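As provided, input13.csv (CSV, N, CA and C atoms) reads as follows.
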chain,number,residue,atom,x,y,z
G,1,MET,N,-1.5,0.6,1.8
G,1,MET,CA,-0.1,0.5,2.2
G,1,MET,C,0.0,0.2,3.7
G,2,ASP,N,-0.8,-0.6,4.2
G,2,ASP,CA,-0.7,-0.9,5.6
G,2,ASP,C,0.3,-1.9,6.0
G,3,LEU,N,1.3,-2.1,5.1
G,3,LEU,CA,2.4,-3.0,5.3
G,3,LEU,C,3.7,-2.3,5.6
G,4,PHE,N,3.7,-1.0,5.3
G,4,PHE,CA,4.9,-0.2,5.4
G,4,PHE,C,4.7,0.9,6.5
G,5,GLY,N,5.8,1.3,7.0
G,5,GLY,CA,5.8,2.4,8.0
G,5,GLY,C,5.5,2.0,9.4
G,6,THR,N,4.8,2.8,10.1
G,6,THR,CA,4.4,2.6,11.4
G,6,THR,C,2.9,2.7,11.5
G,7,GLU,N,2.3,2.1,12.6
G,7,GLU,CA,0.9,2.2,12.8
G,7,GLU,C,0.4,3.6,12.9
G,8,ALA,N,1.2,4.4,13.6
G,8,ALA,CA,0.9,5.9,13.8
G,8,ALA,C,0.8,6.6,12.4
G,9,LEU,N,1.8,6.3,11.6
G,9,LEU,CA,1.8,6.9,10.3
G,9,LEU,C,0.7,6.4,9.4
G,10,ALA,N,0.5,5.1,9.4
G,10,ALA,CA,-0.5,4.5,8.5
G,10,ALA,C,-1.9,4.8,9.0
G,11,GLY,N,-2.1,5.2,10.3
G,11,GLY,CA,-3.4,5.5,10.8
G,11,GLY,C,-4.2,4.3,11.1
G,12,LYS,N,-3.6,3.1,11.1
G,12,LYS,CA,-4.3,1.9,11.4
G,12,LYS,C,-3.3,0.8,11.7
G,13,SER,N,-3.8,-0.3,12.2
G,13,SER,CA,-2.8,-1.4,12.5
G,13,SER,C,-2.2,-1.9,11.2
G,14,LEU,N,-1.0,-2.2,11.3
G,14,LEU,CA,-0.3,-2.8,10.1
G,14,LEU,C,-0.7,-4.2,9.9
G,15,GLY,N,-0.9,-4.6,8.6
G,15,GLY,CA,-1.2,-6.0,8.3
G,15,GLY,C,-2.6,-6.3,8.3
G,16,THR,N,-3.5,-5.3,8.5
G,16,THR,CA,-4.9,-5.6,8.7
G,16,THR,C,-5.5,-6.1,7.4
G,17,ASP,N,-5.0,-5.7,6.2
G,17,ASP,CA,-5.6,-6.2,5.0
G,17,ASP,C,-5.3,-7.6,4.8
G,18,LEU,N,-4.0,-8.1,5.1
G,18,LEU,CA,-3.7,-9.5,5.0
G,18,LEU,C,-4.5,-10.3,6.1
G,19,ALA,N,-4.7,-9.7,7.3
G,19,ALA,CA,-5.5,-10.4,8.3
G,19,ALA,C,-6.9,-10.7,7.8
G,20,LYS,N,-7.4,-9.8,7.0
G,20,LYS,CA,-8.8,-10.0,6.4
G,20,LYS,C,-8.8,-10.8,5.1
G,21,GLY,N,-7.6,-11.3,4.7
G,21,GLY,CA,-7.5,-12.1,3.5
G,21,GLY,C,-7.4,-11.2,2.2
G,22,LYS,N,-7.1,-9.9,2.4
G,22,LYS,CA,-7.0,-9.1,1.2
G,22,LYS,C,-5.6,-9.0,0.7
G,23,LEU,N,-5.4,-9.5,-0.5
G,23,LEU,CA,-4.0,-9.4,-1.1
G,23,LEU,C,-3.8,-8.0,-1.7
G,24,THR,N,-2.7,-7.3,-1.3
G,24,THR,CA,-2.5,-6.0,-1.8
G,24,THR,C,-1.4,-6.0,-2.9
G,25,TRP,N,-1.4,-4.9,-3.6
G,25,TRP,CA,-0.4,-4.7,-4.7
G,25,TRP,C,1.0,-5.1,-4.3
G,26,PRO,N,1.5,-4.6,-3.2
G,26,PRO,CA,2.9,-5.0,-2.8
G,26,PRO,C,3.1,-6.5,-2.7
G,27,VAL,N,2.2,-7.1,-2.1
G,27,VAL,CA,2.3,-8.6,-1.9
G,27,VAL,C,2.2,-9.3,-3.2
G,28,LEU,N,1.3,-8.9,-4.1
G,28,LEU,CA,1.1,-9.5,-5.4
G,28,LEU,C,2.4,-9.3,-6.2
G,29,LEU,N,2.9,-8.1,-6.1
G,29,LEU,CA,4.2,-7.8,-6.9
G,29,LEU,C,5.3,-8.6,-6.4
G,30,ALA,N,5.5,-8.8,-5.1
G,30,ALA,CA,6.5,-9.6,-4.5
G,30,ALA,C,6.4,-11.0,-5.0
G,31,TRP,N,5.1,-11.5,-4.9
G,31,TRP,CA,4.9,-12.9,-5.4
G,31,TRP,C,5.3,-13.1,-6.8
G,32,GLU,N,4.9,-12.1,-7.7
G,32,GLU,CA,5.3,-12.2,-9.1
G,32,GLU,C,6.8,-12.2,-9.3
G,33,ARG,N,7.5,-11.4,-8.5
G,33,ARG,CA,8.9,-11.3,-8.7
G,33,ARG,C,9.8,-12.4,-8.0
G,34,ALA,N,9.2,-13.0,-7.0
G,34,ALA,CA,9.9,-13.9,-6.2
G,34,ALA,C,10.4,-15.2,-6.9
G,35,ASN,N,11.5,-15.8,-6.4
G,35,ASN,CA,11.9,-17.1,-6.8
G,35,ASN,C,10.9,-18.1,-6.2
G,36,ALA,N,11.0,-19.3,-6.6
G,36,ALA,CA,10.1,-20.4,-6.1
G,36,ALA,C,10.0,-20.5,-4.6
G,37,ALA,N,11.2,-20.5,-4.0
G,37,ALA,CA,11.2,-20.7,-2.5
G,37,ALA,C,10.6,-19.5,-1.8
G,38,ASP,N,10.9,-18.3,-2.2
G,38,ASP,CA,10.3,-17.1,-1.6
G,38,ASP,C,8.9,-17.0,-1.9
G,39,ARG,N,8.4,-17.4,-3.1
G,39,ARG,CA,7.0,-17.4,-3.4
G,39,ARG,C,6.3,-18.3,-2.4
G,40,ALA,N,6.8,-19.5,-2.3
G,40,ALA,CA,6.1,-20.5,-1.3
G,40,ALA,C,6.1,-20.0,0.1
G,41,ARG,N,7.2,-19.3,0.5
G,41,ARG,CA,7.3,-18.7,1.8
G,41,ARG,C,6.2,-17.6,2.0
G,42,LEU,N,6.1,-16.8,1.0
G,42,LEU,CA,5.2,-15.7,1.0
G,42,LEU,C,3.7,-16.2,1.1
G,43,GLU,N,3.5,-17.2,0.3
G,43,GLU,CA,2.1,-17.8,0.3
G,43,GLU,C,1.8,-18.4,1.7
G,44,ASN,N,2.8,-19.1,2.3
G,44,ASN,CA,2.6,-19.7,3.6
G,44,ASN,C,2.3,-18.6,4.6
G,45,LEU,N,3.1,-17.5,4.6
G,45,LEU,CA,2.9,-16.4,5.5
G,45,LEU,C,1.5,-15.8,5.4
G,46,VAL,N,1.1,-15.6,4.2
G,46,VAL,CA,-0.2,-15.0,4.0
G,46,VAL,C,-1.4,-15.9,4.3
G,47,GLU,N,-1.3,-17.2,3.9
G,47,GLU,CA,-2.3,-18.1,4.1
G,47,GLU,C,-2.5,-18.4,5.6
G,48,ASN,N,-1.4,-18.4,6.3
G,48,ASN,CA,-1.4,-18.7,7.8
G,48,ASN,C,-1.1,-17.4,8.5
G,49,TRP,N,-1.8,-16.4,8.2
G,49,TRP,CA,-1.5,-15.0,8.7
G,49,TRP,C,-1.6,-15.0,10.2
G,50,GLN,N,-0.5,-14.4,10.8
G,50,GLN,CA,-0.5,-14.1,12.2
G,50,GLN,C,0.2,-12.7,12.2
G,51,PRO,N,-0.1,-11.8,13.2
G,51,PRO,CA,0.5,-10.5,13.2
G,51,PRO,C,2.1,-10.6,13.2
G,52,GLU,N,2.6,-11.6,13.9
G,52,GLU,CA,4.1,-11.8,13.9
G,52,GLU,C,4.7,-12.1,12.5
G,53,ASN,N,3.9,-12.4,11.5
G,53,ASN,CA,4.4,-12.7,10.2
G,53,ASN,C,4.7,-11.4,9.4
G,54,LEU,N,4.3,-10.2,10.0
G,54,LEU,CA,4.5,-9.0,9.3
G,54,LEU,C,6.0,-8.7,9.0
G,55,SER,N,6.9,-8.9,9.9
G,55,SER,CA,8.3,-8.6,9.6
G,55,SER,C,8.8,-9.5,8.5
G,56,ALA,N,8.4,-10.8,8.5
G,56,ALA,CA,8.9,-11.7,7.4
G,56,ALA,C,8.3,-11.3,6.1
G,57,VAL,N,7.1,-10.9,6.0
G,57,VAL,CA,6.5,-10.4,4.8
G,57,VAL,C,7.2,-9.1,4.3
G,58,ASN,N,7.4,-8.2,5.3
G,58,ASN,CA,8.1,-7.0,4.9
G,58,ASN,C,9.5,-7.2,4.4
G,59,GLU,N,10.2,-8.2,4.9
G,59,GLU,CA,11.5,-8.6,4.4
G,59,GLU,C,11.4,-9.0,3.0
G,60,LEU,N,10.4,-9.8,2.6
G,60,LEU,CA,10.2,-10.2,1.2
G,60,LEU,C,9.8,-9.0,0.3
G,61,LEU,N,9.0,-8.2,0.9
G,61,LEU,CA,8.6,-7.0,0.1
G,61,LEU,C,9.8,-6.1,-0.2
G,62,ALA,N,10.7,-6.0,0.8
G,62,ALA,CA,11.9,-5.2,0.5
G,62,ALA,C,12.9,-5.9,-0.4
G,63,ARG,N,13.0,-7.2,-0.3
G,63,ARG,CA,13.9,-8.0,-1.1
G,63,ARG,C,13.5,-7.8,-2.6
G,64,TYR,N,12.2,-7.8,-2.9
G,64,TYR,CA,11.7,-7.7,-4.2
G,64,TYR,C,11.3,-6.3,-4.6
G,65,GLU,N,11.7,-5.3,-3.8
G,65,GLU,CA,11.6,-3.9,-4.1
G,65,GLU,C,10.2,-3.5,-4.6
G,66,THR,N,9.2,-3.7,-3.7
G,66,THR,CA,7.8,-3.5,-4.0
G,66,THR,C,7.3,-2.1,-3.6
G,67,PHE,N,8.1,-1.4,-2.7
G,67,PHE,CA,7.6,-0.1,-2.2
G,67,PHE,C,7.4,0.9,-3.3
G,68,GLU,N,8.5,1.2,-4.0
G,68,GLU,CA,8.5,2.3,-5.0
G,68,GLU,C,7.5,2.0,-6.1
G,69,PRO,N,7.4,0.8,-6.6
G,69,PRO,CA,6.3,0.6,-7.6
G,69,PRO,C,4.9,0.8,-7.0
G,70,SER,N,4.7,0.4,-5.8
G,70,SER,CA,3.4,0.6,-5.1
G,70,SER,C,3.1,2.1,-5.0
G,71,GLN,N,4.1,2.9,-4.6
G,71,GLN,CA,3.9,4.3,-4.6
G,71,GLN,C,3.5,4.9,-5.9
G,72,GLU,N,4.2,4.4,-7.0
G,72,GLU,CA,3.9,4.9,-8.3
G,72,GLU,C,2.5,4.6,-8.7
G,73,VAL,N,2.0,3.4,-8.4
G,73,VAL,CA,0.6,3.1,-8.7
G,73,VAL,C,-0.4,4.0,-8.0
G,74,ILE,N,-0.1,4.2,-6.7
G,74,ILE,CA,-0.9,5.1,-5.9
G,74,ILE,C,-0.9,6.5,-6.5
G,75,ALA,N,0.2,7.0,-6.9
G,75,ALA,CA,0.3,8.3,-7.5
G,75,ALA,C,-0.5,8.4,-8.8
G,76,ARG,N,-0.4,7.4,-9.6
G,76,ARG,CA,-1.2,7.4,-10.9
G,76,ARG,C,-2.7,7.4,-10.6
G,77,TYR,N,-3.2,6.6,-9.6
G,77,TYR,CA,-4.6,6.6,-9.3
G,77,TYR,C,-5.0,8.0,-8.7
G,78,LEU,N,-4.2,8.6,-7.9
G,78,LEU,CA,-4.5,9.9,-7.3
G,78,LEU,C,-4.6,10.9,-8.4
G,79,GLU,N,-3.6,10.9,-9.3
G,79,GLU,CA,-3.7,11.9,-10.4
G,79,GLU,C,-4.9,11.7,-11.3
G,80,GLN,N,-5.2,10.4,-11.6
G,80,GLN,CA,-6.5,10.2,-12.3
G,80,GLN,C,-7.7,10.7,-11.6
G,81,ALA,N,-7.7,10.5,-10.3
G,81,ALA,CA,-8.9,11.0,-9.5
G,81,ALA,C,-8.9,12.6,-9.6
G,82,ARG,N,-7.8,13.2,-9.5
G,82,ARG,CA,-7.7,14.7,-9.6
G,82,ARG,C,-8.2,15.2,-10.9
G,83,ARG,N,-7.8,14.5,-12.0
G,83,ARG,CA,-8.3,14.9,-13.4
G,83,ARG,C,-9.8,14.8,-13.4
G,84,VAL,N,-10.4,13.7,-12.9
G,84,VAL,CA,-11.8,13.5,-13.0
G,84,VAL,C,-12.5,14.6,-12.1
G,85,LEU,N,-11.9,14.9,-11.0
G,85,LEU,CA,-12.5,15.9,-10.1
G,85,LEU,C,-12.5,17.3,-10.8
G,86,ARG,N,-11.5,17.6,-11.5
G,86,ARG,CA,-11.5,18.9,-12.2
G,86,ARG,C,-12.6,19.1,-13.2
G,87,VAL,N,-13.2,18.1,-13.7
G,87,VAL,CA,-14.3,18.2,-14.6
G,87,VAL,C,-15.6,18.5,-13.9
G,88,LEU,N,-15.7,18.2,-12.7
G,88,LEU,CA,-16.9,18.5,-11.9
G,88,LEU,C,-17.0,19.9,-11.5
G,89,PRO,N,-18.2,20.4,-11.4
G,89,PRO,CA,-18.4,21.8,-11.0
G,89,PRO,C,-17.9,22.0,-9.5
G,90,GLU,N,-17.4,23.2,-9.3
G,90,GLU,CA,-16.9,23.5,-7.9
G,90,GLU,C,-18.0,23.3,-6.9
G,91,SER,N,-17.6,22.6,-5.8
G,91,SER,CA,-18.6,22.4,-4.8
G,91,SER,C,-17.8,21.9,-3.5
G,92,GLY,N,-18.5,21.9,-2.4
G,92,GLY,CA,-17.9,21.4,-1.2
G,92,GLY,C,-17.5,19.9,-1.3
G,93,GLY,N,-18.3,19.1,-2.0
G,93,GLY,CA,-17.9,17.7,-2.2
G,93,GLY,C,-16.7,17.6,-3.0
G,94,ARG,N,-16.6,18.3,-4.1
G,94,ARG,CA,-15.4,18.3,-4.9
G,94,ARG,C,-14.2,18.7,-4.1
G,95,ALA,N,-14.3,19.8,-3.4
G,95,ALA,CA,-13.2,20.2,-2.6
G,95,ALA,C,-12.8,19.2,-1.5
G,96,GLY,N,-13.8,18.5,-0.9
G,96,GLY,CA,-13.5,17.5,0.0
G,96,GLY,C,-12.7,16.3,-0.6
G,97,LEU,N,-13.2,15.9,-1.7
G,97,LEU,CA,-12.5,14.8,-2.4
G,97,LEU,C,-11.1,15.1,-2.9
G,98,SER,N,-11.0,16.4,-3.3
G,98,SER,CA,-9.7,16.8,-3.7
G,98,SER,C,-8.7,16.9,-2.5
G,99,GLY,N,-9.2,17.3,-1.4
G,99,GLY,CA,-8.4,17.3,-0.2
G,99,GLY,C,-8.1,15.9,0.3
G,100,LEU,N,-9.0,15.0,0.1
G,100,LEU,CA,-8.7,13.6,0.4
G,100,LEU,C,-7.6,13.1,-0.5
G,101,ALA,N,-7.6,13.4,-1.7
G,101,ALA,CA,-6.5,12.9,-2.6
G,101,ALA,C,-5.2,13.5,-2.2
G,102,ASP,N,-5.2,14.8,-1.8
G,102,ASP,CA,-4.0,15.4,-1.3
G,102,ASP,C,-3.5,14.8,-0.1
G,103,PHE,N,-4.4,14.5,0.9
G,103,PHE,CA,-4.0,13.8,2.1
G,103,PHE,C,-3.4,12.4,1.8
G,104,LEU,N,-4.0,11.7,1.0
G,104,LEU,CA,-3.5,10.3,0.7
G,104,LEU,C,-2.1,10.4,0.0
G,105,ALA,N,-1.9,11.4,-0.8
G,105,ALA,CA,-0.6,11.6,-1.4
G,105,ALA,C,0.4,12.0,-0.4
G,106,GLN,N,0.1,12.8,0.6
G,106,GLN,CA,0.9,13.2,1.7
G,106,GLN,C,1.3,12.0,2.5
G,107,GLN,N,0.3,11.2,2.9
G,107,GLN,CA,0.6,10.0,3.7
G,107,GLN,C,1.5,9.0,3.0
G,108,THR,N,1.3,8.9,1.7
G,108,THR,CA,2.2,8.0,0.9
G,108,THR,C,3.6,8.5,0.9
G,109,ASP,N,3.7,9.8,0.7
G,109,ASP,CA,5.1,10.5,0.7
G,109,ASP,C,5.7,10.3,2.0
G,110,ALA,N,5.0,10.4,3.1
G,110,ALA,CA,5.5,10.3,4.4
G,110,ALA,C,6.1,8.9,4.7
G,111,LEU,N,5.4,7.9,4.1
G,111,LEU,CA,5.9,6.5,4.2
G,111,LEU,C,7.2,6.4,3.6
G,112,ALA,N,7.4,7.0,2.5
G,112,ALA,CA,8.7,6.9,1.8
G,112,ALA,C,9.9,7.4,2.6
G,113,VAL,N,9.6,8.4,3.4
G,113,VAL,CA,10.6,9.0,4.3
G,113,VAL,C,11.0,8.0,5.4
G,114,CYS,N,10.1,7.3,5.9
G,114,CYS,CA,10.4,6.4,7.0
G,114,CYS,C,10.9,5.0,6.6
G,115,ILE,N,10.8,4.7,5.3
G,115,ILE,CA,11.2,3.3,4.9
G,115,ILE,C,12.7,3.3,4.6
Kindly transcribe the structure held in the file into structure tokens.
Amino acid sequence: MDLFGTEALAGKSLGTDLAKGKLTWPVLLAWERANAADRARLENLVENWQPENLSAVNELLARYETFEPSQEVIARYLEQARRVLRVLPESGGRAGLSGLADFLAQQTDALAVCI
């Protein structure tokens, strides 16, 4: 979710996934929901990625309401991870992975507050 929030909150520079050519769920969802003109615009912004494209991409992500569904997908994966972890014997590794899932959930929830 390095497209939403602030760099301080995300813990990394925003837009780095797109800079590396990685399409993320919010972008794919916006592309799927977009009209033809916005789809072409989004494709152009991504294919010709520049850091200054982030605000235009975020405008399209907001227009096509991609944040909440993205949060829901993250929550589902985190819950699935927690279920799998509960099957494992208690250990430092299990506790660490469980803590990581909690941290990721907390970070995602914090993004919701600032959007």
* alpha helix (DSSP H) residues, from DSSP on the backbone, in region 9-90 of chain G, as a VMD selection string -> chain G and resid 9 to 10 16 to 19 25 to 33 36 to 47 54 to 63 67 to 87
* Asked: Which distance in Å separates CA of Phe103 (chain G) and CA of Tyr77 (chain G), to one decimal?
  -> 13.5 Å
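Of the listed residues (G:Ala81, G:Ala37, G:Leu54, G:Leu100), G:Leu54 comes nearest to Asp17 (chain G); the distances count only C-alpha atoms.
Nearest residue to Ala34 (chain G) among G:Glu90, G:Arg63, G:Ala56, G:Thr16 is G:Arg63, counting only N, CA and C atoms.
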* Asked: What is the distance, in Å and to one decimal place, between atom N of Phe67 (chain G) and CA of Thr24 (chain G)?
  -> 11.6 Å
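Note that the spacing between CA of Val27 (chain G) and CA of Leu14 (chain G) amounts to 13.6 Å.
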Could you give me, as a PDB file with N, CA and C atoms, in the frame of the given file, the residues within 12 Å of Gln71 (chain G), counting only C-alpha atoms and dropping anything in the same chain fewer than 6 positions from it?
ATOM      1  N   MET G   1      -1.500   0.600   1.800  1.00  0.00           N
ATOM      2  CA  MET G   1      -0.100   0.500   2.200  1.00  0.00           C
ATOM      3  C   MET G   1       0.000   0.200   3.700  1.00  0.00           C
ATOM      4  N   PHE G   4       3.700  -1.000   5.300  1.00  0.00           N
ATOM      5  CA  PHE G   4       4.900  -0.200   5.400  1.00  0.00           C
ATOM      6  C   PHE G   4       4.700   0.900   6.500  1.00  0.00           C
ATOM      7  N   TRP G  25      -1.400  -4.900  -3.600  1.00  0.00           N
ATOM      8  CA  TRP G  25      -0.400  -4.700  -4.700  1.00  0.00           C
ATOM      9  C   TRP G  25       1.000  -5.100  -4.300  1.00  0.00           C
ATOM     10  N   PRO G  26       1.500  -4.600  -3.200  1.00  0.00           N
ATOM     11  CA  PRO G  26       2.900  -5.000  -2.800  1.00  0.00           C
ATOM     12  C   PRO G  26       3.100  -6.500  -2.700  1.00  0.00           C
ATOM     13  N   GLU G  65      11.700  -5.300  -3.800  1.00  0.00           N
ATOM     14  CA  GLU G  65      11.600  -3.900  -4.100  1.00  0.00           C
ATOM     15  C   GLU G  65      10.200  -3.500  -4.600  1.00  0.00           C
ATOM     16  N   TYR G  77      -3.200   6.600  -9.600  1.00  0.00           N
ATOM     17  CA  TYR G  77      -4.600   6.600  -9.300  1.00  0.00           C
ATOM     18  C   TYR G  77      -5.000   8.000  -8.700  1.00  0.00           C
ATOM     19  N   LEU G  78      -4.200   8.600  -7.900  1.00  0.00           N
ATOM     20  CA  LEU G  78      -4.500   9.900  -7.300  1.00  0.00           C
ATOM     21  C   LEU G  78      -4.600  10.900  -8.400  1.00  0.00           C
ATOM     22  N   LEU G 104      -4.000  11.700   1.000  1.00  0.00           N
ATOM     23  CA  LEU G 104      -3.500  10.300   0.700  1.00  0.00           C
ATOM     24  C   LEU G 104      -2.100  10.400   0.000  1.00  0.00           C
ATOM     25  N   ALA G 105      -1.900  11.400  -0.800  1.00  0.00           N
ATOM     26  CA  ALA G 105      -0.600  11.600  -1.400  1.00  0.00           C
ATOM     27  C   ALA G 105       0.400  12.000  -0.400  1.00  0.00           C
ATOM     28  N   GLN G 106       0.100  12.800   0.600  1.00  0.00           N
ATOM     29  CA  GLN G 106       0.900  13.200   1.700  1.00  0.00           C
ATOM     30  C   GLN G 106       1.300  12.000   2.500  1.00  0.00           C
ATOM     31  N   GLN G 107       0.300  11.200   2.900  1.00  0.00           N
ATOM     32  CA  GLN G 107       0.600  10.000   3.700  1.00  0.00           C
ATOM     33  C   GLN G 107       1.500   9.000   3.000  1.00  0.00           C
ATOM     34  N   THR G 108       1.300   8.900   1.700  1.00  0.00           N
ATOM     35  CA  THR G 108       2.200   8.000   0.900  1.00  0.00           C
ATOM     36  C   THR G 108       3.600   8.500   0.900  1.00  0.00           C
ATOM     37  N   ASP G 109       3.700   9.800   0.700  1.00  0.00           N
ATOM     38  CA  ASP G 109       5.100  10.500   0.700  1.00  0.00           C
ATOM     39  C   ASP G 109       5.700  10.300   2.000  1.00  0.00           C
ATOM     40  N   ALA G 110       5.000  10.400   3.100  1.00  0.00           N
ATOM     41  CA  ALA G 110       5.500  10.300   4.400  1.00  0.00           C
ATOM     42  C   ALA G 110       6.100   8.900   4.700  1.00  0.00           C
ATOM     43  N   LEU G 111       5.400   7.900   4.100  1.00  0.00           N
ATOM     44  CA  LEU G 111       5.900   6.500   4.200  1.00  0.00           C
ATOM     45  C   LEU G 111       7.200   6.400   3.600  1.00  0.00           C
ATOM     46  N   ALA G 112       7.400   7.000   2.500  1.00  0.00           N
ATOM     47  CA  ALA G 112       8.700   6.900   1.800  1.00  0.00           C
ATOM     48  C   ALA G 112       9.900   7.400   2.600  1.00  0.00           C
TER      49      ALA G 112
END
* **Expected answer as a ChimeraX atom specification: all residues with atoms within 6 Å of (-1.2, -11.6, 1.1), only C-alpha atoms** => /G:18,23,27,46
